[in-house]
>>> print(open('data_8.tsv').read())   # TSV, C-alpha atoms and all ligand atoms
chain	number	residue	atom	x	y	z
M	627	MET	CA	82.77	52.52	-28.56
M	628	ARG	CA	83.99	49.19	-27.15
M	629	GLN	CA	86.97	50.93	-25.57
M	630	LEU	CA	84.68	53.45	-23.98
M	631	ILE	CA	82.54	50.71	-22.43
M	632	ALA	CA	85.62	48.87	-21.16
M	633	PHE	CA	86.90	52.10	-19.63
M	634	ALA	CA	83.54	52.77	-17.99
M	635	ILE	CA	83.51	49.27	-16.45
M	636	ILE	CA	87.04	49.69	-15.08
M	637	ALA	CA	86.14	53.08	-13.64
M	638	LEU	CA	83.04	51.63	-12.00
M	639	CYS	CA	85.03	48.77	-10.45
M	640	ALA	CA	87.61	51.19	-9.09
M	641	LEU	CA	84.87	53.38	-7.64
M	642	SER	CA	83.08	50.48	-5.96
M	643	ALA	CA	86.41	49.24	-4.54
M	644	LEU	CA	86.91	52.69	-3.06
M	645	ALA	CA	83.40	52.71	-1.66
M	646	GLU	CA	83.85	49.27	-0.11
M	647	GLU	CA	86.62	50.64	2.08
M	648	ASN	CA	83.96	52.45	4.08
M	649	ILE	CA	81.33	49.74	4.18
M	650	ALA	CA	80.76	48.29	7.63
M	651	THR	CA	80.95	44.52	7.42
M	652	LEU	CA	80.89	41.81	10.03
M	653	ARG	CA	84.57	41.19	9.21
M	654	GLY	CA	85.43	44.76	10.07
M	655	HIS	CA	88.48	45.94	8.15
M	656	ALA	CA	90.38	42.65	8.42
M	657	PRO	CA	91.87	41.59	5.06
M	658	LEU	CA	90.36	38.46	3.50
M	659	THR	CA	93.49	36.45	4.23
M	660	GLN	CA	93.49	37.23	7.95
M	661	GLU	CA	91.14	36.55	10.80
M	662	GLY	CA	89.69	39.68	12.34
M	663	GLU	CA	89.67	40.55	16.02
M	664	PRO	CA	86.36	39.23	17.44
M	665	PRO	CA	84.23	41.95	19.02
M	666	GLN	CA	83.95	41.93	22.79
M	667	ILE	CA	80.85	40.25	24.16
M	668	ALA	CA	78.70	43.00	25.63
M	669	LYS	CA	78.09	42.81	29.37
M	670	PRO	CA	74.48	42.27	30.42
M	671	MET	CA	73.18	44.75	32.98
M	672	LYS	CA	72.43	42.76	36.10
M	673	ASP	CA	71.68	45.34	38.76
M	674	ASP	CA	68.25	43.80	39.61
M	675	VAL	CA	66.60	47.19	39.05
M	676	LYS	CA	63.47	47.36	36.88
M	677	LYS	CA	64.07	49.27	33.67
M	678	HIS	CA	61.80	51.93	32.21
M	679	ARG	CA	59.26	50.61	29.69
M	680	ASN	CA	58.99	52.76	26.59
M	681	TYR	CA	55.39	51.82	25.87
M	682	PRO	CA	52.78	49.92	27.87
M	683	MET	CA	53.01	46.64	25.95
M	684	GLN	CA	56.80	46.49	25.87
M	685	PRO	CA	58.12	43.19	27.20
M	686	PRO	CA	60.32	44.39	30.10
M	687	VAL	CA	64.05	43.81	29.65
M	688	ILE	CA	65.63	41.35	32.06
M	689	PRO	CA	67.57	43.03	34.87
M	690	HIS	CA	69.54	39.92	35.89
M	691	ASN	CA	71.98	37.45	34.39
M	692	ILE	CA	70.46	34.66	32.28
M	693	GLN	CA	73.65	33.00	31.10
M	694	GLY	CA	73.19	29.22	30.97
M	695	TYR	CA	69.48	29.36	31.77
M	696	GLN	CA	67.99	26.39	29.94
M	697	VAL	CA	64.67	26.75	28.11
M	698	ASP	CA	63.65	23.73	26.08
M	699	LEU	CA	60.89	21.14	25.78
M	700	LYS	CA	61.58	19.61	29.21
M	701	VAL	CA	62.97	22.44	31.32
M	702	ASN	CA	62.15	26.11	31.64
M	703	LYS	CA	64.56	27.74	34.06
M	704	CYS	CA	62.73	31.06	33.90
M	705	LEU	CA	59.50	29.51	35.12
M	706	SER	CA	61.30	28.04	38.14
M	707	CYS	CA	61.12	31.59	39.55
M	708	HIS	CA	58.53	33.45	37.47
M	709	ALA	CA	55.70	30.88	37.39
M	710	ARG	CA	52.69	31.70	39.57
M	711	LYS	CA	53.50	28.81	41.90
M	712	ARG	CA	57.16	29.80	42.29
M	713	ALA	CA	56.90	33.60	42.56
M	714	GLU	CA	56.52	33.68	46.34
M	715	ASP	CA	59.53	31.48	47.09
M	716	ALA	CA	61.70	33.19	44.50
M	717	GLN	CA	60.39	36.72	45.22
M	718	ALA	CA	60.30	37.19	41.44
M	719	PRO	CA	57.54	39.10	39.62
M	720	MET	CA	54.94	36.62	38.39
M	721	ILE	CA	54.48	36.38	34.61
M	722	SER	CA	51.47	38.58	33.91
M	723	VAL	CA	48.01	37.40	32.96
M	724	THR	CA	48.68	37.72	29.20
M	725	HIS	CA	51.14	34.84	29.54
M	726	TYR	CA	48.22	32.56	30.45
M	727	MET	CA	46.04	33.52	27.49
M	728	ASP	CA	45.75	31.54	24.28
M	729	ARG	CA	45.28	33.36	20.98
M	730	ASP	CA	41.50	33.37	21.38
M	731	GLY	CA	41.76	35.16	24.72
M	732	ASN	CA	40.91	32.13	26.89
M	733	PHE	CA	42.76	31.88	30.20
M	734	LEU	CA	44.71	28.64	30.65
M	735	ALA	CA	45.73	26.99	33.93
M	736	ASP	CA	49.42	27.20	33.06
M	737	VAL	CA	51.65	29.36	30.88
M	738	SER	CA	50.43	29.48	27.28
M	739	PRO	CA	52.60	27.63	24.74
M	740	ARG	CA	52.97	30.85	22.78
M	741	ARG	CA	54.63	32.45	25.80
M	742	TYR	CA	56.84	29.50	26.70
M	743	PHE	CA	60.05	30.65	25.00
M	744	CYS	CA	60.68	33.71	27.13
M	745	ASN	CA	63.71	35.01	25.23
M	746	GLN	CA	61.64	35.39	22.10
M	747	CYS	CA	60.42	38.61	23.69
M	748	HIS	CA	62.52	39.29	26.80
M	749	VAL	CA	66.19	40.06	26.49
M	750	SER	CA	68.84	41.32	28.86
M	751	GLN	CA	69.90	44.90	28.29
M	752	THR	CA	73.61	45.05	27.54
M	753	ASP	CA	76.05	47.92	27.83
M	754	ALA	CA	76.71	47.75	24.05
M	755	ARG	CA	77.14	51.01	22.18
M	756	PRO	CA	74.09	51.56	19.90
M	757	LEU	CA	74.97	51.11	16.21
M	758	VAL	CA	72.53	53.83	15.17
M	759	GLU	CA	70.97	56.65	17.12
M	760	ASN	CA	67.54	55.78	18.48
M	761	GLN	CA	64.86	58.30	17.55
M	762	PHE	CA	61.99	56.56	19.27
M	763	LYS	CA	59.67	58.95	21.09
M	764	ASP	CA	57.71	57.95	24.14
M	765	ILE	CA	53.99	58.87	24.07
M	766	ASP	CA	54.61	61.33	26.94
M	767	GLN	CA	57.22	63.09	24.82
M	768	ILE	CA	54.88	63.25	21.82
M	769	LEU	CA	52.10	64.76	23.94
M	770	GLN	CA	54.54	67.27	25.43
M	771	ASP	CA	55.86	68.27	21.98
M	772	SER	CA	52.35	68.79	20.62
M	773	GLY	CA	51.55	71.03	23.59
M	774	LYS	CA	48.67	68.95	24.93
T	1	LIG	C1	66.52	32.53	40.34
T	1	LIG	C2	65.25	33.11	40.03
T	1	LIG	C3	65.04	33.68	38.63
T	1	LIG	C4	65.22	33.06	37.43
T	1	LIG	C5	65.72	31.63	37.16
T	1	LIG	C6	64.84	34.02	36.40
T	1	LIG	N1	64.43	35.20	36.99
T	1	LIG	FE1	63.75	36.84	36.04
T	1	LIG	N2	63.64	37.86	37.81
T	1	LIG	C7	63.88	37.30	39.07
T	1	LIG	C8	63.75	38.33	40.08
T	1	LIG	C9	63.93	38.13	41.58
T	1	LIG	C10	63.40	39.51	39.40
T	1	LIG	C11	63.16	40.91	40.00
T	1	LIG	C12	64.34	41.81	39.75
T	1	LIG	C13	65.59	41.19	40.27
T	1	LIG	O1	65.72	40.97	41.48
T	1	LIG	O2	66.47	40.87	39.42
T	1	LIG	C14	63.35	39.18	37.98
T	1	LIG	C15	63.04	40.09	36.98
T	1	LIG	C16	62.76	39.72	35.67
T	1	LIG	C17	62.20	40.59	34.65
T	1	LIG	C18	61.83	42.08	34.84
T	1	LIG	C19	60.39	42.25	35.19
T	1	LIG	C20	59.99	43.71	35.22
T	1	LIG	O3	58.85	43.97	35.63
T	1	LIG	O4	60.77	44.61	34.87
T	1	LIG	C21	62.09	39.86	33.51
T	1	LIG	C22	61.55	40.33	32.17
T	1	LIG	C23	62.60	38.54	33.79
T	1	LIG	N3	63.00	38.49	35.10
T	1	LIG	C24	62.68	37.52	32.86
T	1	LIG	C25	63.32	36.31	33.09
T	1	LIG	C26	63.61	35.34	32.05
T	1	LIG	C27	63.23	35.49	30.59
T	1	LIG	C28	64.26	34.29	32.65
T	1	LIG	C29	64.83	33.05	32.00
T	1	LIG	C30	65.77	33.26	30.90
T	1	LIG	C31	64.36	34.61	34.08
T	1	LIG	N4	63.79	35.85	34.28
T	1	LIG	C32	64.87	33.76	35.03
T	1	LIG	C33	64.22	35.98	39.31
T	1	LIG	C34	64.54	35.03	38.36
T	2	LIG	C1	55.27	36.71	22.89
T	2	LIG	C2	56.11	37.55	23.74
T	2	LIG	C3	56.38	37.10	25.17
T	2	LIG	C4	56.86	35.90	25.61
T	2	LIG	C5	57.19	34.67	24.80
T	2	LIG	C6	57.01	36.04	27.06
T	2	LIG	N1	56.66	37.30	27.45
T	2	LIG	FE1	56.77	38.07	29.33
T	2	LIG	N2	55.91	39.81	28.70
T	2	LIG	C7	55.60	40.10	27.39
T	2	LIG	C8	54.95	41.41	27.33
T	2	LIG	C9	54.43	42.08	26.07
T	2	LIG	C10	54.91	41.90	28.67
T	2	LIG	C11	54.32	43.25	29.16
T	2	LIG	C12	52.83	43.26	29.08
T	2	LIG	C13	52.24	42.18	29.88
T	2	LIG	O1	52.44	42.14	31.11
T	2	LIG	O2	51.64	41.30	29.26
T	2	LIG	C14	55.51	40.86	29.51
T	2	LIG	C15	55.66	40.95	30.88
T	2	LIG	C16	56.43	40.07	31.64
T	2	LIG	C17	56.79	40.25	33.04
T	2	LIG	C18	56.38	41.43	33.91
T	2	LIG	C19	55.06	41.10	34.53
T	2	LIG	C20	54.49	42.24	35.30
T	2	LIG	O3	53.36	42.05	35.82
T	2	LIG	O4	55.11	43.30	35.41
T	2	LIG	C21	57.53	39.16	33.42
T	2	LIG	C22	58.15	38.91	34.78
T	2	LIG	C23	57.64	38.29	32.26
T	2	LIG	N3	56.95	38.86	31.21
T	2	LIG	C24	58.31	37.09	32.25
T	2	LIG	C25	58.25	36.16	31.20
T	2	LIG	C26	58.74	34.81	31.28
T	2	LIG	C27	59.45	34.20	32.48
T	2	LIG	C28	58.47	34.21	30.07
T	2	LIG	C29	58.71	32.77	29.65
T	2	LIG	C30	58.00	31.77	30.41
T	2	LIG	C31	57.84	35.22	29.22
T	2	LIG	N4	57.69	36.38	29.95
T	2	LIG	C32	57.45	35.03	27.89
T	2	LIG	C33	55.84	39.32	26.28
T	2	LIG	C34	56.27	37.99	26.33
>>> encode(input="data_8.tsv", output="structure tokens")
Amino acid sequence: MRQLIAFAIIALCALSALAEENIATLRGHAPLTQEGEPPQIAKPMKDDVKKHRNYPMQPPVIPHNIQGYQVDLKVNKCLSCHARKRAEDAQAPMISVTHYMDRDGNFLADVSPRRYFCNQCHVSQTDARPLVENQFKDIDQILQDSGK
């Protein structure tokens, strides 16, 4: 009986070792004793063209470079163009009215603290290859499929 259990454990280990070969890890397939090739940094799309929004409340993706744009307690580089006061000079779209609302729906004079850290919601679209296929369906597609 003991031998049988020992054999079963060995077989299991061998099987899991085999399975691990195919597991995607952050290390890739680099052996433990070597440093793997770092993946290329994906290029942000910076063509200045508005991207399609998949649903009405989607935070639009950023169509320009934001590398090195500082956003902290003292400085908000994004607001230097997107704030209401700056939009005309910068010819940037003004942050919309929701960015001035607190959680109780009151309108504030300036950007709401909960909308201060822009990159919490807005990101640049990169040219990275998707890791998994996206099966999201736009509402228009759903309506079309249901024949309405
Ligand atoms: C130098 C001015 C400038 C700065 C700084 C800037 N933007 Fe922009 N942004 C623009 C302009 C102009 C556009 C309009 C499209 C274009 O020309 O790229 C734009 C477009 C956008 C859009 C797309 C809006 C839409 O309706 O699709 C988003 C989102 C955005 N910016 C977010 C940001 C965030 C977040 C930051 C800070 C990390 C930032 N921007 C910093 C000028 C700026
Ligand atoms: C909590 C998430 C969140 C944060 C933080 C946030 N946004 Fe947005 N933003 C949104 C959403 C959602 C929309 C689309 C719906 C709307 O306009 O409210 C949007 C829309 C926009 C638009 C398009 C406005 C329009 O009228 O088309 C711009 C430009 C923008 N945001 C810039 C910014 C900037 C700059 C900051 C930082 C100061 C910021 N956002 C912070 C969620 C966020």
>>> atom_distance(input="data_8.tsv", atom1="CA of Ser772 in chain M", atom2="CA of Asn760 in chain M")
20.1 Å
>>> closest_residue(input="data_8.tsv", among="M:Ile721, M:Cys744, M:Leu734, M:Met683", to="Asn702 in chain M", atoms="all atoms listed in the file")
M:Cys744
>>> atom_distance(input="data_8.tsv", atom1="CA of Gln696 in chain M", atom2="CA of Tyr742 in chain M")
12.0 Å
>>> closest_residue(input="data_8.tsv", among="M:Pro685, M:Gln746, M:Ala735, M:Leu630", to="Ala709 in chain M", atoms="all atoms listed in the file")
M:Ala735
>>> residues_near_ligand(input="data_8.tsv", ligand="ligand LIG 1 (chain T)", cutoff="8 Å", atoms="all atoms listed in the file", output="CSV table (one decimal) with C-alpha atoms, in the coordinates of the input")
chain,number,residue,atom,x,y,z
M,672,LYS,CA,72.4,42.8,36.1
M,673,ASP,CA,71.7,45.3,38.8
M,674,ASP,CA,68.2,43.8,39.6
M,675,VAL,CA,66.6,47.2,39.0
M,676,LYS,CA,63.5,47.4,36.9
M,677,LYS,CA,64.1,49.3,33.7
M,678,HIS,CA,61.8,51.9,32.2
M,685,PRO,CA,58.1,43.2,27.2
M,686,PRO,CA,60.3,44.4,30.1
M,687,VAL,CA,64.0,43.8,29.6
M,688,ILE,CA,65.6,41.4,32.1
M,689,PRO,CA,67.6,43.0,34.9
M,690,HIS,CA,69.5,39.9,35.9
M,692,ILE,CA,70.5,34.7,32.3
M,693,GLN,CA,73.6,33.0,31.1
M,695,TYR,CA,69.5,29.4,31.8
M,696,GLN,CA,68.0,26.4,29.9
M,697,VAL,CA,64.7,26.8,28.1
M,702,ASN,CA,62.2,26.1,31.6
M,703,LYS,CA,64.6,27.7,34.1
M,704,CYS,CA,62.7,31.1,33.9
M,705,LEU,CA,59.5,29.5,35.1
M,706,SER,CA,61.3,28.0,38.1
M,707,CYS,CA,61.1,31.6,39.6
M,708,HIS,CA,58.5,33.4,37.5
M,716,ALA,CA,61.7,33.2,44.5
M,717,GLN,CA,60.4,36.7,45.2
M,718,ALA,CA,60.3,37.2,41.4
M,719,PRO,CA,57.5,39.1,39.6
M,744,CYS,CA,60.7,33.7,27.1
M,745,ASN,CA,63.7,35.0,25.2
M,748,HIS,CA,62.5,39.3,26.8
M,749,VAL,CA,66.2,40.1,26.5
>>> residues_around(input="data_8.tsv", residues="range 661-669 of chain M", least_positions_apart="5", cutoff="10 Å", atoms="all atoms listed in the file", output="PDB file with C-alpha atoms, in the coordinates of the input")
ATOM      1  CA  LEU M 652      80.890  41.810  10.030  1.00  0.00           C
ATOM      2  CA  ARG M 653      84.570  41.190   9.210  1.00  0.00           C
ATOM      3  CA  GLY M 654      85.430  44.760  10.070  1.00  0.00           C
ATOM      4  CA  HIS M 655      88.480  45.940   8.150  1.00  0.00           C
ATOM      5  CA  ALA M 656      90.380  42.650   8.420  1.00  0.00           C
ATOM      6  CA  ASN M 691      71.980  37.450  34.390  1.00  0.00           C
ATOM      7  CA  SER M 750      68.840  41.320  28.860  1.00  0.00           C
ATOM      8  CA  GLN M 751      69.900  44.900  28.290  1.00  0.00           C
ATOM      9  CA  THR M 752      73.610  45.050  27.540  1.00  0.00           C
ATOM     10  CA  ASP M 753      76.050  47.920  27.830  1.00  0.00           C
ATOM     11  CA  ALA M 754      76.710  47.750  24.050  1.00  0.00           C
ATOM     12  CA  ARG M 755      77.140  51.010  22.180  1.00  0.00           C
TER      13      ARG M 755
END
>>> decode(input="data_8.tsv", residues="range 669-708 of chain M", atoms="N, CA and C atoms", output="mmCIF file, in the first residue's frame")
data_model
loop_
_atom_site.group_PDB
_atom_site.id
_atom_site.type_symbol
_atom_site.label_atom_id
_atom_site.label_comp_id
_atom_site.auth_asym_id
_atom_site.auth_seq_id
_atom_site.Cartn_x
_atom_site.Cartn_y
_atom_site.Cartn_z
ATOM 1 N N LYS M 669 3.781 50.126 -27.896
ATOM 2 C CA LYS M 669 3.759 51.534 -28.325
ATOM 3 C C LYS M 669 2.374 52.131 -28.122
ATOM 4 N N PRO M 670 2.268 53.280 -27.452
ATOM 5 C CA PRO M 670 0.947 53.890 -27.349
ATOM 6 C C PRO M 670 0.522 54.466 -28.704
ATOM 7 N N MET M 671 -0.768 54.377 -28.992
ATOM 8 C CA MET M 671 -1.266 55.003 -30.219
ATOM 9 C C MET M 671 -1.362 56.491 -29.955
ATOM 10 N N LYS M 672 -0.772 57.283 -30.806
ATOM 11 C CA LYS M 672 -0.775 58.726 -30.561
ATOM 12 C C LYS M 672 -1.102 59.475 -31.841
ATOM 13 N N ASP M 673 -2.198 59.046 -32.484
ATOM 14 C CA ASP M 673 -2.564 59.670 -33.756
ATOM 15 C C ASP M 673 -3.524 60.844 -33.571
ATOM 16 N N ASP M 674 -3.857 61.209 -32.314
ATOM 17 C CA ASP M 674 -4.740 62.338 -32.026
ATOM 18 C C ASP M 674 -6.148 62.155 -32.578
ATOM 19 N N VAL M 675 -6.527 60.923 -32.910
ATOM 20 C CA VAL M 675 -7.875 60.681 -33.430
ATOM 21 C C VAL M 675 -8.712 60.005 -32.346
ATOM 22 N N LYS M 676 -9.891 60.576 -32.077
ATOM 23 C CA LYS M 676 -10.787 60.005 -31.069
ATOM 24 C C LYS M 676 -11.083 58.561 -31.385
ATOM 25 N N LYS M 677 -11.077 57.716 -30.360
ATOM 26 C CA LYS M 677 -11.375 56.296 -30.566
ATOM 27 C C LYS M 677 -12.851 56.025 -30.246
ATOM 28 N N HIS M 678 -13.347 54.965 -30.885
ATOM 29 C CA HIS M 678 -14.734 54.550 -30.676
ATOM 30 C C HIS M 678 -14.955 54.196 -29.198
ATOM 31 N N ARG M 679 -16.096 54.617 -28.641
ATOM 32 C CA ARG M 679 -16.423 54.192 -27.275
ATOM 33 C C ARG M 679 -17.380 53.026 -27.362
ATOM 34 N N ASN M 680 -17.086 51.968 -26.605
ATOM 35 C CA ASN M 680 -17.877 50.740 -26.703
ATOM 36 C C ASN M 680 -19.202 50.814 -25.979
ATOM 37 N N TYR M 681 -19.314 51.732 -25.036
ATOM 38 C CA TYR M 681 -20.581 51.945 -24.329
ATOM 39 C C TYR M 681 -20.570 53.383 -23.832
ATOM 40 N N PRO M 682 -21.748 53.961 -23.619
ATOM 41 C CA PRO M 682 -21.812 55.405 -23.368
ATOM 42 C C PRO M 682 -20.959 55.878 -22.196
ATOM 43 N N MET M 683 -20.842 55.105 -21.128
ATOM 44 C CA MET M 683 -20.099 55.583 -19.967
ATOM 45 C C MET M 683 -18.640 55.129 -19.966
ATOM 46 N N GLN M 684 -18.145 54.684 -21.112
ATOM 47 C CA GLN M 684 -16.737 54.279 -21.152
ATOM 48 C C GLN M 684 -15.836 55.504 -21.070
ATOM 49 N N PRO M 685 -14.865 55.520 -20.151
ATOM 50 C CA PRO M 685 -13.889 56.607 -20.182
ATOM 51 C C PRO M 685 -13.119 56.516 -21.505
ATOM 52 N N PRO M 686 -13.123 57.564 -22.327
ATOM 53 C CA PRO M 686 -12.421 57.443 -23.615
ATOM 54 C C PRO M 686 -10.939 57.155 -23.423
ATOM 55 N N VAL M 687 -10.361 56.346 -24.313
ATOM 56 C CA VAL M 687 -8.920 56.104 -24.251
ATOM 57 C C VAL M 687 -8.193 57.343 -24.764
ATOM 58 N N ILE M 688 -6.965 57.503 -24.335
ATOM 59 C CA ILE M 688 -6.204 58.722 -24.629
ATOM 60 C C ILE M 688 -5.510 58.591 -25.986
ATOM 61 N N PRO M 689 -5.794 59.481 -26.926
ATOM 62 C CA PRO M 689 -5.200 59.327 -28.259
ATOM 63 C C PRO M 689 -3.878 60.072 -28.435
ATOM 64 N N HIS M 690 -3.209 60.401 -27.330
ATOM 65 C CA HIS M 690 -1.903 61.086 -27.449
ATOM 66 C C HIS M 690 -0.935 60.528 -26.422
ATOM 67 N N ASN M 691 0.325 60.882 -26.566
ATOM 68 C CA ASN M 691 1.352 60.384 -25.658
ATOM 69 C C ASN M 691 1.171 60.985 -24.259
ATOM 70 N N ILE M 692 1.378 60.196 -23.211
ATOM 71 C CA ILE M 692 1.300 60.766 -21.858
ATOM 72 C C ILE M 692 2.561 60.424 -21.062
ATOM 73 N N GLN M 693 3.601 60.025 -21.785
ATOM 74 C CA GLN M 693 4.820 59.632 -21.091
ATOM 75 C C GLN M 693 5.406 60.821 -20.324
ATOM 76 N N GLY M 694 5.668 60.640 -19.054
ATOM 77 C CA GLY M 694 6.279 61.692 -18.245
ATOM 78 C C GLY M 694 5.290 62.740 -17.746
ATOM 79 N N TYR M 695 3.999 62.568 -18.027
ATOM 80 C CA TYR M 695 3.023 63.534 -17.535
ATOM 81 C C TYR M 695 2.806 63.303 -16.038
ATOM 82 N N GLN M 696 3.120 64.349 -15.258
ATOM 83 C CA GLN M 696 3.092 64.214 -13.808
ATOM 84 C C GLN M 696 1.676 64.452 -13.276
ATOM 85 N N VAL M 697 1.207 63.564 -12.438
ATOM 86 C CA VAL M 697 -0.062 63.769 -11.732
ATOM 87 C C VAL M 697 0.164 63.420 -10.270
ATOM 88 N N ASP M 698 0.293 64.412 -9.435
ATOM 89 C CA ASP M 698 0.437 64.158 -8.002
ATOM 90 C C ASP M 698 -0.270 65.262 -7.225
ATOM 91 N N LEU M 699 -0.006 65.332 -5.930
ATOM 92 C CA LEU M 699 -0.711 66.264 -5.058
ATOM 93 C C LEU M 699 -0.587 67.710 -5.536
ATOM 94 N N LYS M 700 0.585 68.081 -6.067
ATOM 95 C CA LYS M 700 0.827 69.478 -6.417
ATOM 96 C C LYS M 700 0.539 69.805 -7.877
ATOM 97 N N VAL M 701 0.846 68.861 -8.755
ATOM 98 C CA VAL M 701 0.754 69.128 -10.191
ATOM 99 C C VAL M 701 -0.184 68.134 -10.861
ATOM 100 N N ASN M 702 -0.995 68.614 -11.785
ATOM 101 C CA ASN M 702 -1.752 67.704 -12.636
ATOM 102 C C ASN M 702 -1.578 68.169 -14.076
ATOM 103 N N LYS M 703 -0.652 67.500 -14.763
ATOM 104 C CA LYS M 703 -0.326 67.878 -16.141
ATOM 105 C C LYS M 703 -1.561 67.793 -17.041
ATOM 106 N N CYS M 704 -2.387 66.800 -16.829
ATOM 107 C CA CYS M 704 -3.566 66.620 -17.681
ATOM 108 C C CYS M 704 -4.470 67.851 -17.618
ATOM 109 N N LEU M 705 -4.640 68.373 -16.408
ATOM 110 C CA LEU M 705 -5.541 69.514 -16.254
ATOM 111 C C LEU M 705 -4.967 70.781 -16.883
ATOM 112 N N SER M 706 -3.666 70.808 -17.151
ATOM 113 C CA SER M 706 -3.096 71.998 -17.781
ATOM 114 C C SER M 706 -3.631 72.167 -19.204
ATOM 115 N N CYS M 707 -4.254 71.141 -19.753
ATOM 116 C CA CYS M 707 -4.923 71.262 -21.059
ATOM 117 C C CYS M 707 -6.425 70.984 -20.958
ATOM 118 N N HIS M 708 -6.813 70.026 -20.097
ATOM 119 C CA HIS M 708 -8.202 69.567 -20.109
ATOM 120 C C HIS M 708 -9.111 70.282 -19.113
#
